[in-house]
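Novice: Structure file structure_37.cif (mmCIF, C-alpha atoms (C1' of nucleotides)) is given on the next line.
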data_my_file
#
loop_
_atom_site.label_atom_id
_atom_site.label_comp_id
_atom_site.auth_asym_id
_atom_site.auth_seq_id
_atom_site.Cartn_x
_atom_site.Cartn_y
_atom_site.Cartn_z
CA MET O 436 122.50 93.79 66.07
CA SER O 437 121.13 95.18 62.83
CA LEU O 438 117.63 94.65 61.49
CA LYS O 439 119.14 92.39 58.85
CA GLU O 440 120.62 90.10 61.47
CA TYR O 441 117.36 90.24 63.39
CA VAL O 442 115.32 89.19 60.36
CA GLN O 443 117.75 86.42 59.45
CA ARG O 444 117.08 84.76 62.78
CA TYR O 445 113.48 84.21 61.69
CA ILE O 446 113.58 83.74 57.93
CA ASN O 447 116.16 83.43 55.18
CA LEU O 448 116.31 86.34 52.80
CA SER O 449 118.57 86.88 49.82
CA GLU O 450 120.26 90.26 49.38
CA GLU O 451 117.61 91.22 46.86
CA GLU O 452 114.77 90.16 49.12
CA TYR O 453 116.19 92.09 52.03
CA ALA O 454 116.50 95.14 49.80
CA VAL O 455 112.80 94.80 49.00
CA PHE O 456 111.96 94.36 52.65
CA ILE O 457 113.83 97.43 53.81
CA SER O 458 112.46 99.56 50.98
CA TYR O 459 109.07 99.44 52.70
CA LEU O 460 110.42 100.84 55.94
CA GLU O 461 110.66 104.47 56.84
CA THR O 462 113.14 105.81 59.39
CA LYS O 463 111.89 108.18 62.07
CA SER O 464 113.50 109.78 65.09
CA PHE O 465 111.95 110.77 68.38
CA ALA O 466 113.34 112.92 71.18
CA PRO O 467 112.72 111.87 74.79
CA GLY O 468 109.17 112.70 75.83
CA THR O 469 107.81 112.77 72.26
CA ARG O 470 105.24 110.29 71.07
CA LEU O 471 105.34 107.56 68.45
CA LEU O 472 101.62 107.10 69.05
CA ALA O 473 99.40 109.66 70.77
CA TYR O 474 96.36 109.02 72.93
CA GLU O 475 93.23 108.59 70.77
CA GLU O 476 95.31 108.43 67.61
CA ARG O 477 94.72 105.45 65.33
CA CYS O 478 97.79 103.26 65.30
CA GLN O 479 98.82 102.80 61.66
CA SER O 480 102.25 101.25 62.05
CA ARG O 481 104.45 98.60 63.45
CA PHE O 482 107.69 100.03 64.85
CA TYR O 483 111.08 98.40 64.94
CA ILE O 484 113.33 100.14 67.45
CA LYS O 485 116.78 100.51 65.93
CA LYS O 486 118.15 102.31 68.94
CA GLY O 487 116.59 103.88 71.99
CA CYS O 488 113.93 103.16 74.57
CA VAL O 489 110.18 103.70 74.68
CA ARG O 490 107.36 103.03 77.08
CA ILE O 491 103.80 101.99 76.30
CA TYR O 492 101.32 103.21 78.84
CA GLY O 493 97.65 103.83 79.43
CA TYR O 494 95.50 105.21 82.20
CA THR O 495 93.83 103.33 85.04
CA GLU O 496 90.24 103.91 86.15
CA LYS O 497 91.54 106.45 88.66
CA GLY O 498 93.42 108.35 85.97
CA LYS O 499 96.89 107.20 86.93
CA GLU O 500 99.47 106.42 84.23
CA GLN O 501 100.11 102.70 83.98
CA ILE O 502 103.09 101.43 82.02
CA TYR O 503 102.45 98.09 80.30
CA HIS O 504 105.61 97.60 78.28
CA PHE O 505 109.02 98.97 77.61
CA GLY O 506 110.58 98.67 74.20
CA ILE O 507 114.28 98.78 73.50
CA ASP O 508 116.72 98.15 70.68
CA ASN O 509 115.60 95.36 68.34
CA TRP O 510 112.01 95.09 69.51
CA TRP O 511 108.97 95.35 67.30
CA ILE O 512 106.22 97.25 69.05
CA SER O 513 102.75 98.50 68.28
CA ASN O 514 99.33 98.83 69.78
CA TYR O 515 97.69 95.83 68.20
CA GLU O 516 94.21 96.62 69.43
CA SER O 517 94.27 99.96 67.65
CA LEU O 518 96.23 98.64 64.68
CA LEU O 519 94.04 95.62 63.97
CA ASN O 520 90.66 97.20 64.67
CA ASP O 521 91.53 100.64 63.36
CA THR O 522 90.25 102.23 66.56
CA PRO O 523 91.56 105.20 68.56
CA SER O 524 94.37 104.12 70.84
CA HIS O 525 93.92 104.00 74.61
CA LEU O 526 97.64 103.54 74.87
CA VAL O 527 100.47 105.99 74.33
CA ILE O 528 103.86 105.04 72.93
CA GLU O 529 106.46 107.54 74.08
CA ALA O 530 110.23 107.78 73.74
CA ILE O 531 112.21 107.75 76.97
CA GLU O 532 115.59 108.10 75.27
CA PRO O 533 116.45 109.59 71.89
CA THR O 534 114.96 106.86 69.76
CA GLU O 535 115.33 105.86 66.14
CA VAL O 536 112.82 103.49 64.60
CA TYR O 537 111.83 101.83 61.38
CA CYS O 538 108.18 102.46 60.77
CA LEU O 539 106.09 99.97 58.78
CA THR O 540 102.60 101.23 58.06
CA SER O 541 99.68 98.85 57.66
CA ASP O 542 99.34 99.76 53.98
CA LYS O 543 102.99 99.12 53.29
CA PHE O 544 102.81 95.98 55.36
CA GLU O 545 100.05 94.52 53.20
CA GLN O 546 101.93 95.43 50.02
CA LEU O 547 105.08 93.91 51.42
CA CYS O 548 103.26 90.69 52.26
CA GLN O 549 102.08 90.56 48.63
CA GLN O 550 105.47 91.15 47.16
CA LEU O 551 107.44 89.12 49.68
CA PRO O 552 105.20 86.45 51.21
CA LYS O 553 107.95 85.38 53.60
CA THR O 554 107.01 88.49 55.55
CA GLU O 555 103.98 86.62 56.85
CA ARG O 556 106.25 83.97 58.26
CA LEU O 557 108.54 86.56 59.81
CA PHE O 558 105.74 88.28 61.66
CA ARG O 559 104.00 85.05 62.53
CA ARG O 560 107.15 84.00 64.33
CA ILE O 561 107.72 87.40 65.91
CA MET O 562 104.21 87.35 67.31
CA GLU O 563 104.67 83.85 68.67
CA ARG O 564 107.79 85.00 70.52
CA ALA O 565 106.03 88.07 71.83
CA TYR O 566 103.10 85.97 73.03
CA MET O 567 105.49 83.59 74.73
CA ALA O 568 107.24 86.44 76.53
CA PHE O 569 103.87 87.73 77.64
CA GLN O 570 103.01 84.34 79.06
CA LYS O 571 106.27 84.25 81.05
CA ARG O 572 105.48 87.66 82.42
CA LEU O 573 102.04 86.51 83.53
CA GLU O 574 103.66 83.59 85.33
CA PHE O 575 105.89 85.95 87.29
CA LEU O 576 102.99 88.27 88.03
CA PHE O 577 101.02 85.44 89.58
CA SER O 578 103.73 83.50 91.35
CA LEU O 579 106.04 86.14 92.83
CA SER O 580 105.44 88.81 95.46
CA SER O 581 106.02 92.40 94.40
CA GLU O 582 109.38 92.39 96.10
CA GLU O 583 110.41 89.18 94.36
CA GLN O 584 109.26 90.58 91.01
CA TYR O 585 111.39 93.65 91.50
CA ARG O 586 114.45 91.64 92.47
CA HIS O 587 113.92 89.31 89.54
CA PHE O 588 113.47 92.18 87.13
CA ILE O 589 116.65 94.02 88.07
CA GLU O 590 118.57 90.78 88.04
CA VAL O 591 117.42 89.65 84.61
CA ASN O 592 117.30 93.17 83.24
CA ALA O 593 120.18 94.97 84.88
CA ALA O 594 120.73 97.15 81.81
CA PHE O 595 117.17 98.40 82.01
CA THR O 596 117.51 99.65 85.53
CA GLN O 597 119.97 102.24 84.29
CA ARG O 598 117.85 103.37 81.38
CA VAL O 599 114.49 104.06 82.99
CA PRO O 600 113.76 106.09 86.13
CA GLN O 601 112.58 104.21 89.17
CA TYR O 602 109.08 105.53 89.16
CA MET O 603 108.52 104.11 85.68
CA LEU O 604 109.85 100.77 86.79
CA ALA O 605 107.44 100.90 89.71
CA SER O 606 104.55 101.59 87.35
CA TYR O 607 105.57 98.74 85.04
CA LEU O 608 105.68 96.36 88.00
CA GLY O 609 102.37 97.63 89.32
CA VAL O 610 103.73 98.95 92.61
CA THR O 611 104.32 102.40 94.12
CA PRO O 612 107.65 104.24 93.87
CA GLU O 613 107.73 104.31 97.67
CA PHE O 614 107.63 100.55 97.78
CA ILE O 615 110.59 100.21 95.41
CA SER O 616 112.45 102.68 97.52
CA LYS O 617 111.84 100.62 100.64
CA ILE O 618 113.08 97.43 98.98
CA ARG O 619 116.24 99.20 97.82
CA SER O 620 116.99 100.53 101.28
CA LYS O 621 117.18 96.92 102.47
CA MET O 622 119.78 95.92 99.86
CA MET K 176 80.89 78.00 64.27
CA SER K 177 82.89 75.45 62.32
CA LEU K 178 86.63 75.54 61.78
CA LYS K 179 85.93 76.42 58.17
CA GLU K 180 83.99 79.52 59.15
CA TYR K 181 86.69 80.35 61.67
CA VAL K 182 89.44 80.14 59.07
CA GLN K 183 87.46 82.15 56.53
CA ARG K 184 87.42 85.08 58.91
CA TYR K 185 91.18 85.29 58.58
CA ILE K 186 92.01 84.13 55.07
CA ASN K 187 90.18 83.12 51.92
CA LEU K 188 90.47 79.49 51.01
CA SER K 189 88.95 77.62 48.10
CA GLU K 190 87.25 74.30 48.73
CA GLU K 191 90.37 72.51 47.55
CA GLU K 192 92.63 74.57 49.77
CA TYR K 193 90.44 73.96 52.79
CA ALA K 194 90.50 70.24 52.02
CA VAL K 195 94.31 70.41 52.07
CA PHE K 196 94.26 72.37 55.28
CA ILE K 197 92.02 69.98 57.14
CA SER K 198 93.91 66.95 55.88
CA TYR K 199 96.78 67.95 58.14
CA LEU K 200 94.61 67.97 61.25
CA GLU K 201 93.95 65.06 63.50
CA THR K 202 90.86 64.78 65.68
CA LYS K 203 91.29 63.81 69.33
CA SER K 204 88.92 63.55 72.26
CA PHE K 205 89.58 64.09 75.95
CA ALA K 206 87.45 63.24 78.96
CA PRO K 207 87.26 65.75 81.82
CA GLY K 208 90.41 65.62 83.93
CA THR K 209 92.56 64.11 81.18
CA ARG K 210 95.47 66.00 79.69
CA LEU K 211 96.14 67.36 76.23
CA LEU K 212 99.64 68.23 77.46
CA ALA K 213 101.24 66.72 80.55
CA TYR K 214 103.72 68.37 82.91
CA GLU K 215 107.29 68.01 81.58
CA GLU K 216 106.03 66.73 78.25
CA ARG K 217 107.30 68.52 75.15
CA CYS K 218 104.47 70.33 73.47
CA GLN K 219 104.36 69.19 69.85
CA SER K 220 101.04 70.57 68.73
CA ARG K 221 98.70 73.47 68.32
CA PHE K 222 95.16 72.59 69.38
CA TYR K 223 91.94 73.92 67.97
CA ILE K 224 89.07 73.29 70.35
CA LYS K 225 86.07 72.13 68.34
CA LYS K 226 83.92 71.70 71.42
CA GLY K 227 84.62 71.64 75.12
CA CYS K 228 86.62 73.50 77.70
CA VAL K 229 90.20 73.25 78.93
CA ARG K 230 92.40 75.01 81.44
CA ILE K 231 96.10 75.79 81.15
CA TYR K 232 97.83 75.85 84.48
CA GLY K 233 101.23 75.75 86.13
CA TYR K 234 102.58 75.74 89.63
CA THR K 235 103.66 78.70 91.75
CA GLU K 236 106.85 78.84 93.80
CA LYS K 237 104.86 77.50 96.76
CA GLY K 238 103.55 74.56 94.73
CA LYS K 239 100.02 75.82 94.29
CA GLU K 240 98.19 75.29 90.98
CA GLN K 241 97.85 78.53 89.06
CA ILE K 242 95.48 78.72 86.10
CA TYR K 243 96.70 81.06 83.36
CA HIS K 244 94.13 80.50 80.63
CA PHE K 245 90.92 78.81 79.80
CA GLY K 246 90.22 77.58 76.30
CA ILE K 247 86.78 76.99 74.87
CA ASP K 248 85.12 76.28 71.54
CA ASN K 249 86.93 77.88 68.60
CA TRP K 250 90.13 78.81 70.36
CA TRP K 251 93.59 77.77 69.26
CA ILE K 252 95.74 76.94 72.25
CA SER K 253 99.22 75.66 72.92
CA ASN K 254 102.16 76.15 75.21
CA TYR K 255 104.30 78.30 72.95
CA GLU K 256 107.33 78.25 75.19
CA SER K 257 107.51 74.50 75.00
CA LEU K 258 106.38 74.36 71.38
CA LEU K 259 108.84 76.91 70.03
CA ASN K 260 111.87 75.94 72.10
CA ASP K 261 111.15 72.21 72.17
CA THR K 262 111.54 72.17 75.94
CA PRO K 263 109.63 70.25 78.64
CA SER K 264 106.43 72.05 79.51
CA HIS K 265 105.96 73.74 82.86
CA LEU K 266 102.32 74.09 82.01
CA VAL K 267 99.57 71.50 81.90
CA ILE K 268 96.67 71.60 79.46
CA GLU K 269 93.74 69.70 80.88
CA ALA K 270 90.15 69.13 79.80
CA ILE K 271 87.45 70.43 82.13
CA GLU K 272 84.56 69.24 79.99
CA PRO K 273 84.45 66.40 77.45
CA THR K 274 86.56 68.07 74.79
CA GLU K 275 87.12 67.44 71.12
CA VAL K 276 90.05 69.08 69.37
CA TYR K 277 91.87 69.28 66.09
CA CYS K 278 95.52 68.64 66.69
CA LEU K 279 98.17 70.18 64.41
CA THR K 280 101.65 68.90 65.14
CA SER K 281 104.72 71.04 64.48
CA ASP K 282 105.88 68.71 61.74
CA LYS K 283 102.54 68.81 59.98
CA PHE K 284 102.38 72.53 60.52
CA GLU K 285 105.66 73.08 58.68
CA GLN K 286 104.56 70.83 55.84
CA LEU K 287 101.26 72.63 55.67
CA CYS K 288 103.01 76.00 55.48
CA GLN K 289 105.01 74.65 52.54
CA GLN K 290 102.05 73.32 50.69
CA LEU K 291 99.65 76.12 51.58
CA PRO K 292 101.59 79.30 52.35
CA LYS K 293 98.42 81.13 53.33
CA THR K 294 98.70 79.17 56.56
CA GLU K 295 101.43 81.58 57.62
CA ARG K 296 99.04 84.46 57.22
CA LEU K 297 96.30 82.64 59.11
CA PHE K 298 98.47 81.99 62.11
CA ARG K 299 100.12 85.39 61.96
CA ARG K 300 96.71 86.93 62.35
CA ILE K 301 95.58 84.47 65.00
CA MET K 302 98.66 85.29 67.05
CA GLU K 303 98.06 89.00 66.68
CA ARG K 304 94.53 88.58 68.04
CA ALA K 305 95.78 86.42 70.88
CA TYR K 306 98.44 88.99 71.76
CA MET K 307 95.84 91.73 71.68
CA ALA K 308 93.56 89.80 74.04
CA PHE K 309 96.50 89.27 76.36
CA GLN K 310 97.18 93.00 76.39
CA LYS K 311 93.56 93.72 77.32
CA ARG K 312 93.83 91.25 80.14
CA LEU K 313 96.96 92.94 81.45
CA GLU K 314 95.13 96.25 81.42
CA PHE K 315 92.39 94.81 83.62
CA LEU K 316 94.92 93.17 85.90
CA PHE K 317 96.62 96.49 86.55
CA SER K 318 93.70 98.85 86.65
CA LEU K 319 91.00 96.95 88.54
CA SER K 320 90.86 95.64 92.09
CA SER K 321 90.33 91.90 92.50
CA GLU K 322 86.68 92.49 93.24
CA GLU K 323 86.23 94.63 90.13
CA GLN K 324 88.03 92.03 88.04
CA TYR K 325 85.66 89.35 89.24
CA ARG K 326 82.59 91.45 88.55
CA HIS K 327 83.91 92.36 85.13
CA PHE K 328 84.73 88.77 84.30
CA ILE K 329 81.32 87.33 85.14
CA GLU K 330 79.65 90.18 83.32
CA VAL K 331 81.64 89.82 80.10
CA ASN K 332 81.88 86.07 80.39
CA ALA K 333 78.60 84.98 81.91
CA ALA K 334 78.65 81.71 79.96
CA PHE K 335 81.98 80.81 81.48
CA THR K 336 80.77 81.13 85.02
CA GLN K 337 78.52 78.13 84.44
CA ARG K 338 81.19 76.01 82.84
CA VAL K 339 84.04 76.21 85.32
CA PRO K 340 83.89 75.72 89.09
CA GLN K 341 84.43 78.76 91.26
CA TYR K 342 87.75 77.69 92.64
CA MET K 343 89.19 77.57 89.12
CA LEU K 344 87.84 81.01 88.40
CA ALA K 345 89.49 82.20 91.60
CA SER K 346 92.80 80.73 90.50
CA TYR K 347 92.53 82.32 87.07
CA LEU K 348 91.87 85.70 88.66
CA GLY K 349 94.71 85.24 91.14
CA VAL K 350 92.55 85.32 94.26
CA THR K 351 91.40 82.79 96.84
CA PRO K 352 88.11 80.88 96.58
CA GLU K 353 87.14 82.38 99.95
CA PHE K 354 87.45 85.85 98.53
CA ILE K 355 85.16 85.09 95.59
CA SER K 356 82.70 83.64 98.02
CA LYS K 357 82.71 86.83 100.07
CA ILE K 358 82.11 88.97 97.00
CA ARG K 359 79.19 86.79 95.96
CA SER K 360 77.59 87.00 99.38
CA LYS K 361 77.36 90.77 98.89
CA MET K 362 75.51 90.50 95.56
"C1'" DC P 1482 119.21 131.15 93.99
"C1'" DG P 1483 114.84 128.80 93.97
"C1'" DC P 1484 111.82 125.79 91.71
"C1'" DG P 1485 110.34 121.30 90.03
"C1'" DA P 1486 111.18 116.50 89.47
"C1'" DC P 1487 112.62 112.49 91.65
"C1'" DG P 1488 113.70 109.68 95.51
"C1'" DT P 1489 113.47 108.51 100.65
"C1'" DT P 1490 111.49 107.58 105.17
"C1'" DG P 1491 107.95 106.78 108.62
"C1'" DA P 1492 103.01 106.32 110.39
"C1'" DT P 1493 98.76 104.59 109.31
"C1'" DT P 1494 95.34 102.11 106.57
"C1'" DT P 1495 93.37 98.53 103.74
"C1'" DG P 1496 92.48 94.78 100.46
"C1'" DC P 1497 93.07 90.39 100.38
"C1'" DC P 1498 95.16 86.14 102.45
"C1'" DT P 1499 95.46 82.47 105.92
"C1'" DC P 1500 93.54 79.43 108.87
"C1'" DA P 1501 89.89 77.02 110.88
"C1'" DA P 1502 85.33 75.44 111.28
"C1'" DC P 1503 81.19 74.43 109.32
"C1'" DG P 1504 77.25 73.43 105.37
"C1'" DA P 1505 75.83 71.29 101.07
"C1'" DT P 1506 76.19 68.07 97.52
"C1'" DT P 1507 77.63 63.97 95.30
"C1'" DG P 1508 79.25 59.46 94.73
"C1'" DT P 1509 80.50 54.92 96.86
"C1'" DG P 1510 80.54 50.68 99.35
"C1'" DG P 1511 78.47 47.84 102.88
"C1'" DC T 573 68.97 52.62 101.48
"C1'" DC T 574 71.84 54.63 104.60
"C1'" DA T 575 76.59 55.88 106.45
"C1'" DC T 576 80.70 57.93 104.89
"C1'" DA T 577 84.14 60.31 102.80
"C1'" DA T 578 85.44 63.54 99.44
"C1'" DT T 579 84.79 67.73 97.16
"C1'" DC T 580 83.27 72.30 96.84
"C1'" DG T 581 81.48 76.43 98.74
"C1'" DT T 582 80.59 79.61 102.92
"C1'" DT T 583 81.56 82.34 107.01
"C1'" DG T 584 84.33 84.62 110.50
"C1'" DA T 585 88.70 85.99 113.14
"C1'" DG T 586 93.11 87.52 112.73
"C1'" DG T 587 97.32 88.79 110.04
"C1'" DC T 588 100.30 90.72 106.52
"C1'" DA T 589 102.01 92.84 102.21
"C1'" DA T 590 101.70 96.79 100.00
"C1'" DA T 591 99.08 101.24 99.44
"C1'" DT T 592 98.26 105.83 101.01
"C1'" DC T 593 99.49 110.02 102.98
"C1'" DA T 594 102.67 113.34 104.51
"C1'" DA T 595 107.10 115.28 105.27
"C1'" DC T 596 111.65 115.83 104.03
"C1'" DG T 597 116.22 115.32 101.19
"C1'" DT T 598 118.64 115.94 96.87
"C1'" DC T 599 119.89 117.10 92.53
"C1'" DG T 600 119.76 119.52 87.98
"C1'" DC T 601 118.46 123.57 85.67
"C1'" DG T 602 116.18 128.08 84.10
#
Rewrite the coordinates I just gave you, this time as structure tokens.

Specialist:
Amino acid sequence: MSLKEYVQRYINLSEEEYAVFISYLETKSFAPGTRLLAYEERCQSRFYIKKGCVRIYGYTEKGKEQIYHFGIDNWWISNYESLLNDTPSHLVIEAIEPTEVYCLTSDKFEQLCQQLPKTERLFRRIMERAYMAFQKRLEFLFSLSSEEQYRHFIEVNAAFTQRVPQYMLASYLGVTPEFISKIRSKM
Amino acid sequence: MSLKEYVQRYINLSEEEYAVFISYLETKSFAPGTRLLAYEERCQSRFYIKKGCVRIYGYTEKGKEQIYHFGIDNWWISNYESLLNDTPSHLVIEAIEPTEVYCLTSDKFEQLCQQLPKTERLFRRIMERAYMAFQKRLEFLFSLSSEEQYRHFIEVNAAFTQRVPQYMLASYLGVTPEFISKIRSKM
DNA sequence: CGCGACGTTGATTTGCCTCAACGATTGTGG
DNA sequence: CCACAATCGTTGAGGCAAATCAACGTCGCG
């Protein structure tokens, strides 16, 4: 799916409008292990992942890496706390695969909203979907055991299981790699 | 804080525009224990809590009530899954205190967006803030023990502790009432 | 080859749950 | 005005899911 198709699912844009929209975006590429957003950097952009895979992680009180999200093809991602408050980021956004993104800076975003007000609607709806997905995730977190969460995740997200190493999956689910290993040995 | 002040923090509205805005809202009142949204009902509205306190809860696999959110004065709440997909709600929104809300139905919301496009911007920004708060909550969930989460919650949210009974707080935090009780006995 | 990163396996520990019994408080009907 | 039931919180004994710790296997790569 292209960005154009993605956008059309949320708002209707003419050819001209889409041309305006895309003119505000900047393409960037990231090799695995490189960072879209570094620790303590101020997040200035919203990223649309054209192709690839990233992880968003922070550090727990004990200094352990904790993955909060993955992002793959056709997801908009950012660190909204840093983006909205213009504060140094406590989260890192890092490519897992070779990743190509469209980058929409806050400045450009505001200009785009001026020139093409439908952009507000687009992002309003994107955020609603993202919030909804977050809510679903919270429901799973609270109602399933760690084992059930793992089984559910690999079932719903089979593709993912191939793309990220097991220890990252463990971190995302909030369990230890050993525990995942023990579940797998039973299957 | 009034709704007007609330809105002004996100967008600038003239007196006339605010008059338009508020004309789309309907005031409703709920006694403690009554429901803004019933189980299996389709959520048709976004609610702005003028005054009061509500809880949003669902049921776990084992049939236990699980509280996912509280809502208090000056929060917009809804069940976005039900609202956006027009599906029966798996969540219940229920008043804890006598609660007065502004109710904005989906139909009215769309009309309002037509007549006053700034509404898109308002809700885009509200959703961004809500997503951000959700992210912070996830960070606490993953990096603090249950005991630390409780201590953090009552510290940051002292007011809350008075307004909701302990067993609801326990549910919200994903622990048992007994466990909260044991933490408190140590303090 | 040998090193480092990732995954596996088993023994032990622990944070929190479950269950059960017991206060404290509040509202209700006789 | 008192008995009572219901609701909420407390306390303690025992159990379990998942963590921790440690050792070992395996694979890719400089």

Novice: What is the distance between atom CA of Ile484 of chain O and atom CA of Asn260 of chain K, in Å to one decimal?

Specialist: 24.7 Å

Novice: How many Å separate atom CA of Arg470 of chain O from atom CA of Val536 of chain O?

Specialist: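 A separation of 12.1 Å between them.
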
Novice: Specify as a PyMOL selection string each residue included when the PyMOL selection byres ((chain P) within 10 of (chain O)) is applied to this file.

Specialist: chain P and resi 1487-1490

Novice: If we count only C-alpha atoms (C1' of nucleotides) and set the cut-off at 10 Å, which residues sit around Arg560 of chain O, ignoring sequence neighbours fewer than 5 positions away in its own chain? Please answer as a list in words.

Specialist: Tyr445, Ile446, Thr554, Glu555, Ala565 and Tyr566 of chain O; Leu259, Glu295, Phe298, Arg299 and Met302 of chain K

Novice: Using all atoms listed in the file, find which residues of chain O lie within 10 Å of chain K and jot them down as a VMD selection string.

Specialist: chain O and resid 492 to 504 514 to 519 548 552 to 571 573 to 579 606 to 610

Novice: I'd like the residues picked by the PyMOL selection byres ((chain T and resi 600) around 10) written out as an mmCIF file with C-alpha atoms (C1' of nucleotides), in the frame of the given file, using the chain letters and numbers from the file.

Specialist:
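Okay, this is what ended up in selection_21.cif:
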data_model
loop_
_atom_site.group_PDB
_atom_site.id
_atom_site.type_symbol
_atom_site.label_atom_id
_atom_site.label_comp_id
_atom_site.auth_asym_id
_atom_site.auth_seq_id
_atom_site.Cartn_x
_atom_site.Cartn_y
_atom_site.Cartn_z
ATOM 1 C "C1'" DG P 1485 110.340 121.300 90.030
ATOM 2 C "C1'" DA P 1486 111.180 116.500 89.470
ATOM 3 C "C1'" DT T 598 118.640 115.940 96.870
ATOM 4 C "C1'" DC T 599 119.890 117.100 92.530
ATOM 5 C "C1'" DC T 601 118.460 123.570 85.670
#

Novice: Name every residue that the PyMOL selection byres ((chain T) within 10 of (chain K)) selects in this structure, writing the answer as a ChimeraX atom specification with chains first and numbers rising.

Specialist: /T:580-583

Novice: Can you tell me how far atom CA of Glu215 of chain K sits from atom CA of Ser580 of chain O, in Å to one decimal?

Specialist: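 Atom-to-atom, atom CA of Glu215 of chain K to atom CA of Ser580 of chain O, that is 25.1 Å.
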
Novice: Axis-aligned box over every listed atom of segment 1492-1505 of chain P, padded by 6 Å per side: centre and edges in Å to one decimal, as lines of an AutoDock Vina configuration file?

Specialist:
center_x = 89.4
center_y = 88.8
center_z = 105.8
size_x = 39.2
size_y = 47.0
size_z = 22.9

Novice: I need the residue nearest Gly246 of chain K from this list: K:Phe335, K:Tyr181, K:Tyr193, K:Tyr277. Use all atoms listed in the file for the distance.

Specialist: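 Counting all atoms listed in the file, the residue closest to Gly246 of chain K is K:Phe335.
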